[in-house]
>>> print(open('input-v1.tsv').read())   # TSV, C-alpha atoms
chain	number	residue	atom	x	y	z
A	77	MET	CA	28.50	38.83	-131.67
A	78	LYS	CA	27.20	36.10	-133.92
A	79	ASN	CA	26.89	32.64	-132.50
A	80	TYR	CA	28.80	30.44	-134.94
A	81	GLN	CA	28.29	26.70	-134.77
A	82	ASN	CA	31.85	25.72	-135.67
A	83	LYS	CA	33.43	28.48	-133.67
A	84	ALA	CA	33.90	26.39	-130.53
A	85	ASN	CA	35.73	23.72	-132.53
A	86	ILE	CA	37.89	26.31	-134.29
A	87	VAL	CA	38.80	27.99	-131.00
A	88	ARG	CA	39.60	24.65	-129.32
A	89	VAL	CA	41.83	23.29	-132.09
A	90	SER	CA	43.45	26.68	-132.71
A	91	LYS	CA	44.42	26.76	-129.05
A	92	ILE	CA	46.27	23.43	-129.40
A	93	ILE	CA	47.99	24.48	-132.64
A	94	ARG	CA	48.90	27.80	-131.05
A	95	TYR	CA	50.70	25.92	-128.26
A	96	ILE	CA	52.61	23.81	-130.80
A	97	LEU	CA	53.57	26.94	-132.75
A	98	PHE	CA	54.61	28.66	-129.53
A	99	ALA	CA	56.93	25.74	-128.80
A	100	GLY	CA	58.30	26.17	-132.33
A	101	LEU	CA	58.90	29.88	-131.68
A	102	VAL	CA	60.82	29.07	-128.51
A	103	VAL	CA	62.94	26.54	-130.41
A	104	TRP	CA	63.80	29.09	-133.15
A	105	ILE	CA	64.49	31.88	-130.64
A	106	ILE	CA	66.88	29.65	-128.72
A	107	GLY	CA	68.24	27.94	-131.83
A	108	ILE	CA	69.32	31.05	-133.75
A	109	PRO	CA	71.76	32.35	-131.09
A	110	VAL	CA	72.97	28.80	-130.46
A	111	VAL	CA	73.91	28.53	-134.15
A	112	LEU	CA	75.11	32.12	-134.41
A	113	ILE	CA	77.53	32.17	-131.44
A	114	PRO	CA	79.92	29.45	-132.74
A	115	ILE	CA	79.80	31.02	-136.20
A	116	VAL	CA	80.91	34.41	-134.85
A	117	ALA	CA	83.55	32.76	-132.67
A	118	MET	CA	85.04	30.74	-135.55
A	119	TRP	CA	84.58	33.36	-138.28
A	120	SER	CA	88.24	34.32	-138.68
A	121	ARG	CA	89.38	30.69	-138.91
A	122	ALA	CA	86.70	29.53	-141.36
A	123	VAL	CA	87.34	28.94	-145.08
A	124	PRO	CA	85.11	30.93	-147.55
A	125	ALA	CA	82.94	27.90	-148.40
A	126	SER	CA	82.15	27.20	-144.78
A	127	ARG	CA	81.55	30.95	-144.20
A	128	TYR	CA	78.93	30.85	-146.95
A	129	LEU	CA	77.17	27.90	-145.34
A	130	GLN	CA	77.46	29.45	-141.89
A	131	CYS	CA	75.86	32.70	-143.07
A	132	GLY	CA	72.98	30.95	-144.79
A	133	THR	CA	71.92	28.75	-141.91
A	134	PRO	CA	70.95	31.53	-139.45
A	135	LEU	CA	69.23	33.43	-142.27
A	136	THR	CA	67.13	30.37	-143.14
A	137	MET	CA	66.34	29.93	-139.47
A	138	ALA	CA	65.33	33.59	-139.17
A	139	MET	CA	62.92	33.19	-142.08
A	140	CYS	CA	61.50	30.03	-140.51
A	141	LEU	CA	61.02	32.04	-137.31
A	142	ILE	CA	59.05	34.71	-139.18
A	143	VAL	CA	56.80	32.10	-140.87
A	144	ASN	CA	56.27	30.46	-137.48
A	145	LEU	CA	55.49	33.85	-135.88
A	146	LYS	CA	52.94	34.79	-138.55
A	147	LEU	CA	51.21	31.42	-138.24
A	148	PHE	CA	51.27	31.75	-134.46
A	149	ARG	CA	49.58	35.16	-134.73
A	150	PHE	CA	47.02	33.76	-137.18
A	151	PHE	CA	46.03	30.95	-134.82
A	152	ASP	CA	46.10	33.38	-131.90
A	153	ARG	CA	43.47	35.48	-133.72
A	154	LEU	CA	41.43	32.35	-134.47
A	155	LYS	CA	41.68	31.29	-130.86
A	156	ASN	CA	40.26	34.68	-129.83
A	157	GLY	CA	37.35	34.15	-132.21
A	158	HIS	CA	38.39	36.67	-134.89
A	159	LEU	CA	37.73	34.56	-137.97
A	160	PHE	CA	37.29	37.13	-140.69
A	161	ASP	CA	39.08	40.36	-140.01
A	162	ALA	CA	41.92	42.18	-141.72
A	163	GLN	CA	44.57	41.20	-139.18
A	164	THR	CA	43.73	37.48	-139.27
A	165	VAL	CA	43.74	37.39	-143.05
A	166	GLY	CA	46.86	39.57	-143.19
A	167	ASN	CA	48.77	37.22	-140.92
A	168	LEU	CA	47.89	34.20	-143.07
A	169	ASP	CA	48.77	36.08	-146.25
A	170	ASN	CA	52.12	37.18	-144.80
A	171	ALA	CA	52.87	33.65	-143.59
A	172	GLY	CA	52.31	32.40	-147.14
A	173	ARG	CA	54.49	35.13	-148.67
A	174	TRP	CA	57.31	34.50	-146.21
A	175	TRP	CA	57.06	30.76	-146.86
A	176	VAL	CA	57.44	31.37	-150.59
A	177	ALA	CA	60.39	33.69	-149.85
A	178	LEU	CA	61.90	30.97	-147.65
A	179	TRP	CA	61.50	28.46	-150.48
A	180	PHE	CA	63.16	30.86	-152.91
A	181	PHE	CA	66.02	31.56	-150.51
A	182	GLU	CA	66.56	27.87	-149.72
A	183	THR	CA	66.53	26.91	-153.39
A	184	LEU	CA	69.04	29.63	-154.19
A	185	PHE	CA	71.20	28.92	-151.16
A	186	PHE	CA	71.35	25.13	-151.60
A	187	GLY	CA	71.52	25.48	-155.38
A	188	ILE	CA	74.64	27.64	-155.10
A	189	SER	CA	76.17	25.42	-152.43
A	190	HIS	CA	75.42	22.34	-154.52
A	191	THR	CA	76.94	23.84	-157.67
A	192	PHE	CA	79.98	25.63	-156.31
A	193	ILE	CA	80.78	23.95	-152.99
A	194	GLN	CA	79.52	20.42	-153.82
A	195	PHE	CA	77.46	20.47	-150.65
A	196	THR	CA	74.86	17.75	-151.23
A	197	ASN	CA	72.64	18.07	-148.16
A	198	ALA	CA	69.68	19.24	-150.22
A	199	ASN	CA	66.46	17.48	-151.15
A	200	PRO	CA	64.74	19.19	-154.10
A	201	LEU	CA	61.37	17.54	-153.33
A	202	ASP	CA	61.20	19.25	-149.93
A	203	PHE	CA	61.73	22.63	-151.53
A	204	GLY	CA	58.83	22.08	-153.91
A	205	SER	CA	56.58	21.32	-150.98
A	206	GLY	CA	57.60	24.63	-149.36
A	207	LEU	CA	56.48	26.54	-152.45
A	208	PHE	CA	53.21	24.59	-152.56
A	209	ALA	CA	52.52	25.25	-148.87
A	210	GLY	CA	53.23	28.98	-149.25
A	211	LEU	CA	51.04	29.37	-152.33
A	212	THR	CA	48.25	27.41	-150.65
A	213	LEU	CA	48.32	29.76	-147.67
A	214	ILE	CA	48.17	32.80	-149.98
A	215	PHE	CA	45.26	31.24	-151.86
A	216	VAL	CA	43.37	30.48	-148.63
A	217	ALA	CA	44.04	34.07	-147.51
A	218	TRP	CA	42.34	35.31	-150.72
A	219	LEU	CA	39.32	33.15	-149.92
A	220	LEU	CA	39.22	34.48	-146.38
A	221	LYS	CA	39.40	38.04	-147.75
A	222	GLU	CA	36.23	37.27	-149.69
A	223	ALA	CA	34.58	36.10	-146.50
A	224	GLN	CA	35.84	39.19	-144.69
A	225	GLU	CA	34.25	41.43	-147.31
A	226	LEU	CA	31.02	39.47	-147.09
A	227	GLN	CA	30.97	39.86	-143.33
A	228	GLN	CA	31.62	43.61	-143.57
A	229	GLU	CA	28.82	43.96	-146.13
A	230	GLN	CA	26.54	41.91	-143.92
A	231	GLU	CA	27.27	44.04	-140.89
A	232	LEU	CA	26.61	47.22	-142.88
A	233	THR	CA	23.33	45.79	-144.20
A	234	VAL	CA	22.11	44.76	-140.77
B	251	MET	CA	20.69	31.76	-160.14
B	252	ASN	CA	22.89	29.90	-157.69
B	253	VAL	CA	22.80	31.74	-154.37
B	254	ASN	CA	26.33	30.64	-153.62
B	255	GLU	CA	27.84	32.47	-156.56
B	256	ILE	CA	29.37	35.86	-155.89
B	257	SER	CA	28.77	38.44	-158.63
B	258	PRO	CA	31.81	37.90	-160.88
B	259	ASN	CA	32.28	41.38	-162.29
B	260	ALA	CA	32.10	43.14	-158.96
B	261	ASN	CA	35.26	41.67	-157.54
B	262	PRO	CA	38.73	41.60	-159.12
B	263	ARG	CA	39.95	39.17	-156.48
B	264	LEU	CA	37.28	36.69	-157.46
B	265	SER	CA	38.33	36.82	-161.08
B	266	ARG	CA	41.92	36.29	-159.93
B	267	ILE	CA	40.82	33.22	-157.95
B	268	LYS	CA	38.94	31.89	-160.97
B	269	LYS	CA	41.87	32.48	-163.28
B	270	LEU	CA	44.31	30.82	-160.87
B	271	SER	CA	41.99	27.83	-160.38
B	272	ARG	CA	41.77	27.38	-164.13
B	273	SER	CA	45.57	27.47	-164.49
B	274	LEU	CA	45.98	25.11	-161.53
B	275	LYS	CA	43.60	22.65	-163.16
B	276	VAL	CA	45.73	22.65	-166.32
B	277	VAL	CA	48.94	22.24	-164.30
B	278	PHE	CA	47.30	19.49	-162.30
B	279	LEU	CA	46.27	17.55	-165.42
B	280	PHE	CA	49.72	18.02	-166.93
B	281	TYR	CA	51.27	16.74	-163.70
B	282	PHE	CA	49.16	13.59	-163.91
B	283	VAL	CA	50.15	12.91	-167.50
B	284	VAL	CA	53.81	13.29	-166.49
B	285	LEU	CA	53.26	11.09	-163.41
B	286	GLY	CA	51.66	8.41	-165.60
B	287	LEU	CA	54.66	8.50	-167.94
B	288	VAL	CA	57.03	8.21	-164.96
B	289	LEU	CA	55.08	5.17	-163.74
B	290	ILE	CA	55.32	3.55	-167.17
B	291	VAL	CA	59.06	4.23	-167.27
B	292	SER	CA	59.52	2.85	-163.74
B	293	HIS	CA	57.56	-0.25	-164.80
B	294	GLY	CA	60.12	-0.65	-167.56
B	295	GLN	CA	62.87	-0.38	-164.95
B	296	ILE	CA	61.25	-3.21	-162.99
B	297	ALA	CA	61.54	-5.31	-166.13
B	298	VAL	CA	65.30	-4.68	-166.25
B	299	LYS	CA	65.76	-5.77	-162.60
B	300	MET	CA	66.04	-2.36	-160.95
B	301	PRO	CA	65.26	-2.40	-157.20
B	302	ILE	CA	61.64	-1.55	-156.30
B	303	GLN	CA	61.32	0.92	-153.44
B	304	VAL	CA	58.32	0.35	-151.16
B	305	GLY	CA	57.88	1.85	-147.67
B	306	GLY	CA	61.49	3.03	-147.58
B	307	GLN	CA	62.87	-0.44	-148.40
B	308	ASN	CA	64.33	-1.88	-151.59
B	309	PHE	CA	63.12	-5.14	-153.12
B	310	SER	CA	64.49	-6.93	-156.14
B	311	SER	CA	61.14	-8.38	-157.29
B	312	LEU	CA	57.41	-7.89	-156.66
B	313	ARG	CA	57.15	-11.31	-154.99
B	314	GLU	CA	59.63	-10.26	-152.30
B	315	ILE	CA	57.42	-7.41	-151.06
B	316	PRO	CA	55.55	-8.46	-147.89
B	317	ALA	CA	51.74	-8.51	-147.96
B	318	VAL	CA	51.55	-5.75	-145.32
B	319	LEU	CA	53.58	-3.39	-147.47
B	320	LYS	CA	51.54	-4.24	-150.56
B	321	THR	CA	48.31	-3.50	-148.66
B	322	TYR	CA	49.82	-0.27	-147.31
B	323	GLU	CA	50.82	0.87	-150.78
B	324	ALA	CA	47.38	-0.03	-152.19
B	325	ILE	CA	45.60	1.96	-149.44
B	326	CYS	CA	47.97	4.92	-149.95
B	327	PHE	CA	47.28	4.86	-153.67
B	328	CYS	CA	43.50	4.86	-153.05
B	329	LEU	CA	43.86	7.76	-150.60
B	330	TYR	CA	45.97	9.64	-153.12
B	331	LEU	CA	43.42	9.08	-155.86
B	332	LEU	CA	40.53	10.21	-153.63
B	333	ALA	CA	42.49	13.33	-152.63
B	334	VAL	CA	43.18	14.10	-156.30
B	335	ILE	CA	39.47	13.80	-157.13
B	336	ALA	CA	38.49	16.02	-154.19
B	337	PHE	CA	41.11	18.63	-155.11
B	338	TYR	CA	40.05	18.64	-158.76
B	339	ARG	CA	36.39	19.08	-157.78
B	340	LEU	CA	37.37	21.94	-155.49
B	341	LEU	CA	39.28	23.67	-158.28
B	342	ASN	CA	36.27	23.15	-160.53
B	343	LEU	CA	34.04	24.93	-158.04
B	344	TYR	CA	36.49	27.82	-157.63
B	345	GLU	CA	36.75	28.12	-161.39
B	346	LYS	CA	32.98	28.57	-161.54
B	347	GLY	CA	33.19	31.30	-158.89
B	348	ILE	CA	31.58	29.19	-156.18
B	349	ILE	CA	33.66	29.85	-153.09
B	350	PHE	CA	31.39	29.42	-150.12
B	351	SER	CA	29.09	26.47	-150.63
B	352	ALA	CA	28.39	23.25	-148.77
B	353	GLU	CA	30.08	21.33	-151.59
B	354	ASN	CA	33.31	23.36	-151.20
B	355	VAL	CA	33.32	22.81	-147.45
B	356	SER	CA	32.77	19.08	-147.82
B	357	GLN	CA	35.57	18.76	-150.40
B	358	ILE	CA	38.02	20.66	-148.17
B	359	ARG	CA	36.99	18.57	-145.18
B	360	ARG	CA	37.43	15.39	-147.22
B	361	LEU	CA	40.94	16.49	-148.21
B	362	GLY	CA	41.74	17.08	-144.54
B	363	GLN	CA	40.33	13.74	-143.44
B	364	LEU	CA	42.29	11.91	-146.15
B	365	ALA	CA	45.50	13.65	-145.07
B	366	VAL	CA	44.85	12.76	-141.42
B	367	PHE	CA	44.17	9.13	-142.38
B	368	TYR	CA	47.36	9.03	-144.47
B	369	GLY	CA	49.34	10.54	-141.57
B	370	VAL	CA	47.99	7.94	-139.13
B	371	LEU	CA	48.62	5.13	-141.62
B	372	SER	CA	52.19	6.16	-142.39
B	373	ALA	CA	52.93	6.55	-138.67
B	374	CYS	CA	51.53	3.05	-138.02
B	375	LEU	CA	53.55	1.39	-140.79
B	376	PRO	CA	56.58	0.50	-138.61
B	377	VAL	CA	54.20	-1.08	-136.09
B	378	PHE	CA	52.54	-3.23	-138.75
B	379	GLU	CA	55.92	-4.34	-140.06
B	380	THR	CA	57.35	-5.29	-136.65
B	381	PRO	CA	54.45	-5.56	-134.16
B	382	TYR	CA	56.66	-6.56	-131.24
B	383	VAL	CA	58.78	-3.39	-131.29
B	384	LYS	CA	57.78	-0.40	-129.08
B	385	PHE	CA	54.10	-0.66	-129.97
B	386	PRO	CA	52.14	1.81	-127.85
B	387	LEU	CA	54.98	4.02	-126.63
B	388	THR	CA	56.04	5.94	-129.71
B	389	LEU	CA	52.90	5.56	-131.78
B	390	PRO	CA	50.94	8.65	-130.58
B	391	LEU	CA	54.06	10.79	-130.93
B	392	ASN	CA	54.72	9.39	-134.42
B	393	ILE	CA	51.15	10.23	-135.42
B	394	LEU	CA	51.36	13.77	-134.01
B	395	CYS	CA	54.70	14.40	-135.71
B	396	SER	CA	53.68	13.08	-139.12
B	397	PRO	CA	53.28	15.92	-141.65
B	398	GLY	CA	50.15	14.32	-143.12
B	399	PHE	CA	48.39	14.46	-139.77
B	400	MET	CA	49.33	18.11	-139.15
B	401	VAL	CA	48.40	19.23	-142.66
B	402	GLY	CA	45.13	17.31	-142.37
B	403	CYS	CA	44.24	19.03	-139.08
B	404	LEU	CA	45.00	22.44	-140.60
B	405	THR	CA	42.85	21.63	-143.64
B	406	ILE	CA	39.95	20.59	-141.41
B	407	ILE	CA	40.22	23.92	-139.54
B	408	ILE	CA	40.18	25.73	-142.89
B	409	ALA	CA	37.03	23.74	-143.76
B	410	TRP	CA	35.37	24.90	-140.54
B	411	VAL	CA	36.35	28.51	-141.24
B	412	MET	CA	35.00	28.23	-144.81
B	413	ASP	CA	31.79	26.80	-143.39
B	414	GLU	CA	31.42	29.97	-141.33
B	415	GLY	CA	31.97	31.96	-144.53
B	416	ARG	CA	29.23	29.91	-146.21
B	417	LYS	CA	26.82	30.75	-143.39
B	418	ILE	CA	27.62	34.45	-143.69
B	419	GLN	CA	26.99	34.29	-147.43
B	420	GLU	CA	23.68	32.48	-146.97
B	421	GLU	CA	22.64	35.06	-144.37
B	422	GLN	CA	23.68	37.81	-146.76
B	423	GLU	CA	21.61	36.32	-149.58
B	424	LEU	CA	18.60	36.06	-147.30
B	425	THR	CA	19.01	39.63	-146.03
B	426	VAL	CA	19.31	41.09	-149.51
>>> encode(input="input-v1.tsv", output="structure tokens")
Amino acid sequence: MKNYQNKANIVRVSKIIRYILFAGLVVWIIGIPVVLIPIVAMWSRAVPASRYLQCGTPLTMAMCLIVNLKLFRFFDRLKNGHLFDAQTVGNLDNAGRWWVALWFFETLFFGISHTFIQFTNANPLDFGSGLFAGLTLIFVAWLLKEAQELQQEQELTV
Amino acid sequence: MNVNEISPNANPRLSRIKKLSRSLKVVFLFYFVVLGLVLIVSHGQIAVKMPIQVGGQNFSSLREIPAVLKTYEAICFCLYLLAVIAFYRLLNLYEKGIIFSAENVSQIRRLGQLAVFYGVLSACLPVFETPYVKFPLTLPLNILCSPGFMVGCLTIIIAWVMDEGRKIQEEQELTV
């Protein structure tokens, strides 16, 4: 295995971020049922507008959970020292794609609720940042794919 | 020939990166023209006595803004400008097909450091405004929770990873 100079730093910081993301995972895993149970219990009594909002919230949370999970896996791979391999890059790429999907879903969901239900708890600036974050992750994943190919070539040459 | 350049025709992904960087540069420039226009319009609003929003507070005139907030805004603006320059340079390098070079790594690292500095600064703002309130207790938590700090840390990790990529490429060039 190659002795990378920055690897120790990457592993150390990835470990800390992995812990933070793990805490996030726990919060989502607990949070989704906590939100879902009252919705199911009050489903028959709810008006259509509130049903719409109640359906969207757990779905948004589920997508957040997936983004969190993919990022957790990415940092888990980094923590184990796998910088440039298909799984590491794939996890980052998927995290970016899911983040973009989350942005799209949120925009649609809050857009509809804003237009038809006059629900105003939506900040358009935050949604733009979600798209930017997702696209940035996809772009970084492309760059890492380049590095992955270089490493594979290098290993074949040596 | 620059050793850091990857052969452009060999890789469709590289051409995609170059194309995207070029488009991003255009979007970025357009964004700045629009932002400049917005600033001019908001300056006009100041003239017609609209409230000025600084650090989450509203002020009726420039003289009312405390010196701490003015300094904070000036530093934030400088950080923003530096980040814009670093980002633009990075896009320029990607457009040229230079992905793994020391210059790329330093620009990414600079972006990360600026974001961390901004995160720390924005978390410290309440302390500067009211120094007698809860000084050391909530400050580390505020810093850790600030999005700028987190994004900055992630960007610095990306810079380290890209630095590893640069080393692989240099090794590759030497081997070939």
>>> residues_around(input="input-v1.tsv", residues="Ile115 in chain A", least_positions_apart="4", cutoff="7 Å", atoms="only C-alpha atoms", output="PDB file with C-alpha atoms, in the coordinates of the input")
ATOM      1  CA  VAL A 111      73.910  28.530-134.150  1.00  0.00           C
ATOM      2  CA  TRP A 119      84.580  33.360-138.280  1.00  0.00           C
ATOM      3  CA  GLN A 130      77.460  29.450-141.890  1.00  0.00           C
TER       4      GLN A 130
END
>>> residues_around(input="input-v1.tsv", residues="Phe399 in chain B", least_positions_apart="4", cutoff="8 Å", atoms="all atoms listed in the file", output="number ranges by chain")
B: 365-370, 393-395, 403
>>> write_last_selection(input="input-v1.tsv", atoms="C-alpha atoms", output="PDB file, in the frame of the given file")
ATOM      1  CA  ALA B 365      45.500  13.650-145.070  1.00  0.00           C
ATOM      2  CA  VAL B 366      44.850  12.760-141.420  1.00  0.00           C
ATOM      3  CA  PHE B 367      44.170   9.130-142.380  1.00  0.00           C
ATOM      4  CA  TYR B 368      47.360   9.030-144.470  1.00  0.00           C
ATOM      5  CA  GLY B 369      49.340  10.540-141.570  1.00  0.00           C
ATOM      6  CA  VAL B 370      47.990   7.940-139.130  1.00  0.00           C
ATOM      7  CA  ILE B 393      51.150  10.230-135.420  1.00  0.00           C
ATOM      8  CA  LEU B 394      51.360  13.770-134.010  1.00  0.00           C
ATOM      9  CA  CYS B 395      54.700  14.400-135.710  1.00  0.00           C
ATOM     10  CA  CYS B 403      44.240  19.030-139.080  1.00  0.00           C
TER      11      CYS B 403
END
>>> interface_residues(input="input-v1.tsv", of="chain A", to="chain B", cutoff="9 Å", atoms="only C-alpha atoms", output="VMD selection string")
chain A and resid 80 to 83 85 to 86 89 to 90 93 159 to 160 215 to 216 218 to 224 226 to 227 229 to 230 233 to 234
>>> residues_around(input="input-v1.tsv", residues="Ala336 in chain B", least_positions_apart="4", cutoff="10 Å", atoms="all atoms listed in the file", output="mmCIF file with C-alpha atoms, in the coordinates of the input")
data_model
loop_
_atom_site.group_PDB
_atom_site.id
_atom_site.type_symbol
_atom_site.label_atom_id
_atom_site.label_comp_id
_atom_site.auth_asym_id
_atom_site.auth_seq_id
_atom_site.Cartn_x
_atom_site.Cartn_y
_atom_site.Cartn_z
ATOM 1 C CA TYR B 330 45.970 9.640 -153.120
ATOM 2 C CA LEU B 331 43.420 9.080 -155.860
ATOM 3 C CA LEU B 332 40.530 10.210 -153.630
ATOM 4 C CA LEU B 340 37.370 21.940 -155.490
ATOM 5 C CA LEU B 341 39.280 23.670 -158.280
ATOM 6 C CA ASN B 342 36.270 23.150 -160.530
ATOM 7 C CA ASN B 354 33.310 23.360 -151.200
ATOM 8 C CA SER B 356 32.770 19.080 -147.820
ATOM 9 C CA GLN B 357 35.570 18.760 -150.400
ATOM 10 C CA ILE B 358 38.020 20.660 -148.170
ATOM 11 C CA ARG B 359 36.990 18.570 -145.180
ATOM 12 C CA ARG B 360 37.430 15.390 -147.220
ATOM 13 C CA LEU B 361 40.940 16.490 -148.210
ATOM 14 C CA LEU B 364 42.290 11.910 -146.150
#
>>> atom_distance(input="input-v1.tsv", atom1="CA of Cys140 in chain A", atom2="CA of Trp179 in chain A")
10.1 Å
>>> closest_residue(input="input-v1.tsv", among="A:Ala99, A:Pro124, A:Thr136, A:Lys91", to="Arg153 in chain A", atoms="all atoms listed in the file")
A:Lys91
>>> residues_near_point(input="input-v1.tsv", point="(57.5, 28.9, -149.8)", cutoff="12 Å", atoms="all atoms listed in the file", output="PyMOL selection string")
chain A and resi 136+139-140+143+169-183+202-214
>>> atom_distance(input="input-v1.tsv", atom1="CA of Leu101 in chain A", atom2="CA of Leu129 in chain A")
22.9 Å
>>> atom_distance(input="input-v1.tsv", atom1="CA of Val102 in chain A", atom2="CA of Asn392 in chain B")
21.4 Å
>>> residues_around(input="input-v1.tsv", residues="Leu279 in chain B", least_positions_apart="3", cutoff="12 Å", atoms="all atoms listed in the file", output="PDB file with C-alpha atoms, in the frame of the given file")
ATOM      1  CA  ARG B 272      41.770  27.380-164.130  1.00  0.00           C
ATOM      2  CA  SER B 273      45.570  27.470-164.490  1.00  0.00           C
ATOM      3  CA  LEU B 274      45.980  25.110-161.530  1.00  0.00           C
ATOM      4  CA  LYS B 275      43.600  22.650-163.160  1.00  0.00           C
ATOM      5  CA  VAL B 276      45.730  22.650-166.320  1.00  0.00           C
ATOM      6  CA  PHE B 282      49.160  13.590-163.910  1.00  0.00           C
ATOM      7  CA  VAL B 283      50.150  12.910-167.500  1.00  0.00           C
ATOM      8  CA  VAL B 284      53.810  13.290-166.490  1.00  0.00           C
ATOM      9  CA  LEU B 285      53.260  11.090-163.410  1.00  0.00           C
ATOM     10  CA  GLY B 286      51.660   8.410-165.600  1.00  0.00           C
ATOM     11  CA  VAL B 334      43.180  14.100-156.300  1.00  0.00           C
ATOM     12  CA  ILE B 335      39.470  13.800-157.130  1.00  0.00           C
ATOM     13  CA  PHE B 337      41.110  18.630-155.110  1.00  0.00           C
ATOM     14  CA  TYR B 338      40.050  18.640-158.760  1.00  0.00           C
ATOM     15  CA  LEU B 341      39.280  23.670-158.280  1.00  0.00           C
TER      16      LEU B 341
END
>>> residues_around(input="input-v1.tsv", residues="Ile105 in chain A", least_positions_apart="6", cutoff="10 Å", atoms="only C-alpha atoms", output="ChimeraX atom specification")
/A:99,137-138,141
>>> closest_residue(input="input-v1.tsv", among="B:Ala352, B:Tyr322, B:Ala333, B:Val288", to="Glu420 in chain B", atoms="all atoms listed in the file")
B:Ala352
>>> closest_residue(input="input-v1.tsv", among="B:Gln363, B:Ser372, B:Ser311, B:Thr388", to="Glu323 in chain B", atoms="only C-alpha atoms")
B:Ser372
>>> decode(input="input-v1.tsv", residues="range 99-139 of chain A", atoms="C-alpha atoms", output="PDB file, in the first residue's frame")
ATOM      1  CA  ALA A  99     -25.456  10.969  14.826  1.00  0.00           C
ATOM      2  CA  GLY A 100     -27.435  12.434  11.910  1.00  0.00           C
ATOM      3  CA  LEU A 101     -28.431   8.928  10.790  1.00  0.00           C
ATOM      4  CA  VAL A 102     -29.678   8.098  14.274  1.00  0.00           C
ATOM      5  CA  VAL A 103     -31.708  11.325  14.343  1.00  0.00           C
ATOM      6  CA  TRP A 104     -33.347  10.538  10.965  1.00  0.00           C
ATOM      7  CA  ILE A 105     -34.002   6.898  11.876  1.00  0.00           C
ATOM      8  CA  ILE A 106     -35.708   7.941  15.100  1.00  0.00           C
ATOM      9  CA  GLY A 107     -37.308  11.046  13.580  1.00  0.00           C
ATOM     10  CA  ILE A 108     -39.110   9.374  10.666  1.00  0.00           C
ATOM     11  CA  PRO A 109     -41.241   7.007  12.808  1.00  0.00           C
ATOM     12  CA  VAL A 110     -41.824   9.800  15.331  1.00  0.00           C
ATOM     13  CA  VAL A 111     -43.303  11.935  12.531  1.00  0.00           C
ATOM     14  CA  LEU A 112     -45.022   9.017  10.815  1.00  0.00           C
ATOM     15  CA  ILE A 113     -46.905   7.567  13.825  1.00  0.00           C
ATOM     16  CA  PRO A 114     -49.075  10.662  14.553  1.00  0.00           C
ATOM     17  CA  ILE A 115     -49.747  11.049  10.829  1.00  0.00           C
ATOM     18  CA  VAL A 116     -51.081   7.492  10.562  1.00  0.00           C
ATOM     19  CA  ALA A 117     -53.070   7.912  13.769  1.00  0.00           C
ATOM     20  CA  MET A 118     -54.714  11.171  12.620  1.00  0.00           C
ATOM     21  CA  TRP A 119     -55.076  10.267   8.941  1.00  0.00           C
ATOM     22  CA  SER A 120     -58.848   9.793   8.912  1.00  0.00           C
ATOM     23  CA  ARG A 121     -59.492  13.087  10.720  1.00  0.00           C
ATOM     24  CA  ALA A 122     -57.119  15.210   8.641  1.00  0.00           C
ATOM     25  CA  VAL A 123     -58.268  17.621   5.908  1.00  0.00           C
ATOM     26  CA  PRO A 124     -56.770  17.071   2.377  1.00  0.00           C
ATOM     27  CA  ALA A 125     -54.365  20.026   2.673  1.00  0.00           C
ATOM     28  CA  SER A 126     -52.904  18.765   5.908  1.00  0.00           C
ATOM     29  CA  ARG A 127     -52.748  15.217   4.454  1.00  0.00           C
ATOM     30  CA  TYR A 128     -50.629  16.586   1.611  1.00  0.00           C
ATOM     31  CA  LEU A 129     -48.226  18.253   4.038  1.00  0.00           C
ATOM     32  CA  GLN A 130     -48.167  15.179   6.274  1.00  0.00           C
ATOM     33  CA  CYS A 131     -47.248  12.913   3.355  1.00  0.00           C
ATOM     34  CA  GLY A 132     -44.475  15.181   2.135  1.00  0.00           C
ATOM     35  CA  THR A 133     -42.659  15.580   5.425  1.00  0.00           C
ATOM     36  CA  PRO A 134     -41.707  11.900   5.947  1.00  0.00           C
ATOM     37  CA  LEU A 135     -40.753  11.615   2.272  1.00  0.00           C
ATOM     38  CA  THR A 136     -38.417  14.615   2.579  1.00  0.00           C
ATOM     39  CA  MET A 137     -36.983  13.111   5.739  1.00  0.00           C
ATOM     40  CA  ALA A 138     -36.457   9.765   3.998  1.00  0.00           C
ATOM     41  CA  MET A 139     -34.522  11.480   1.215  1.00  0.00           C
TER      42      MET A 139
END
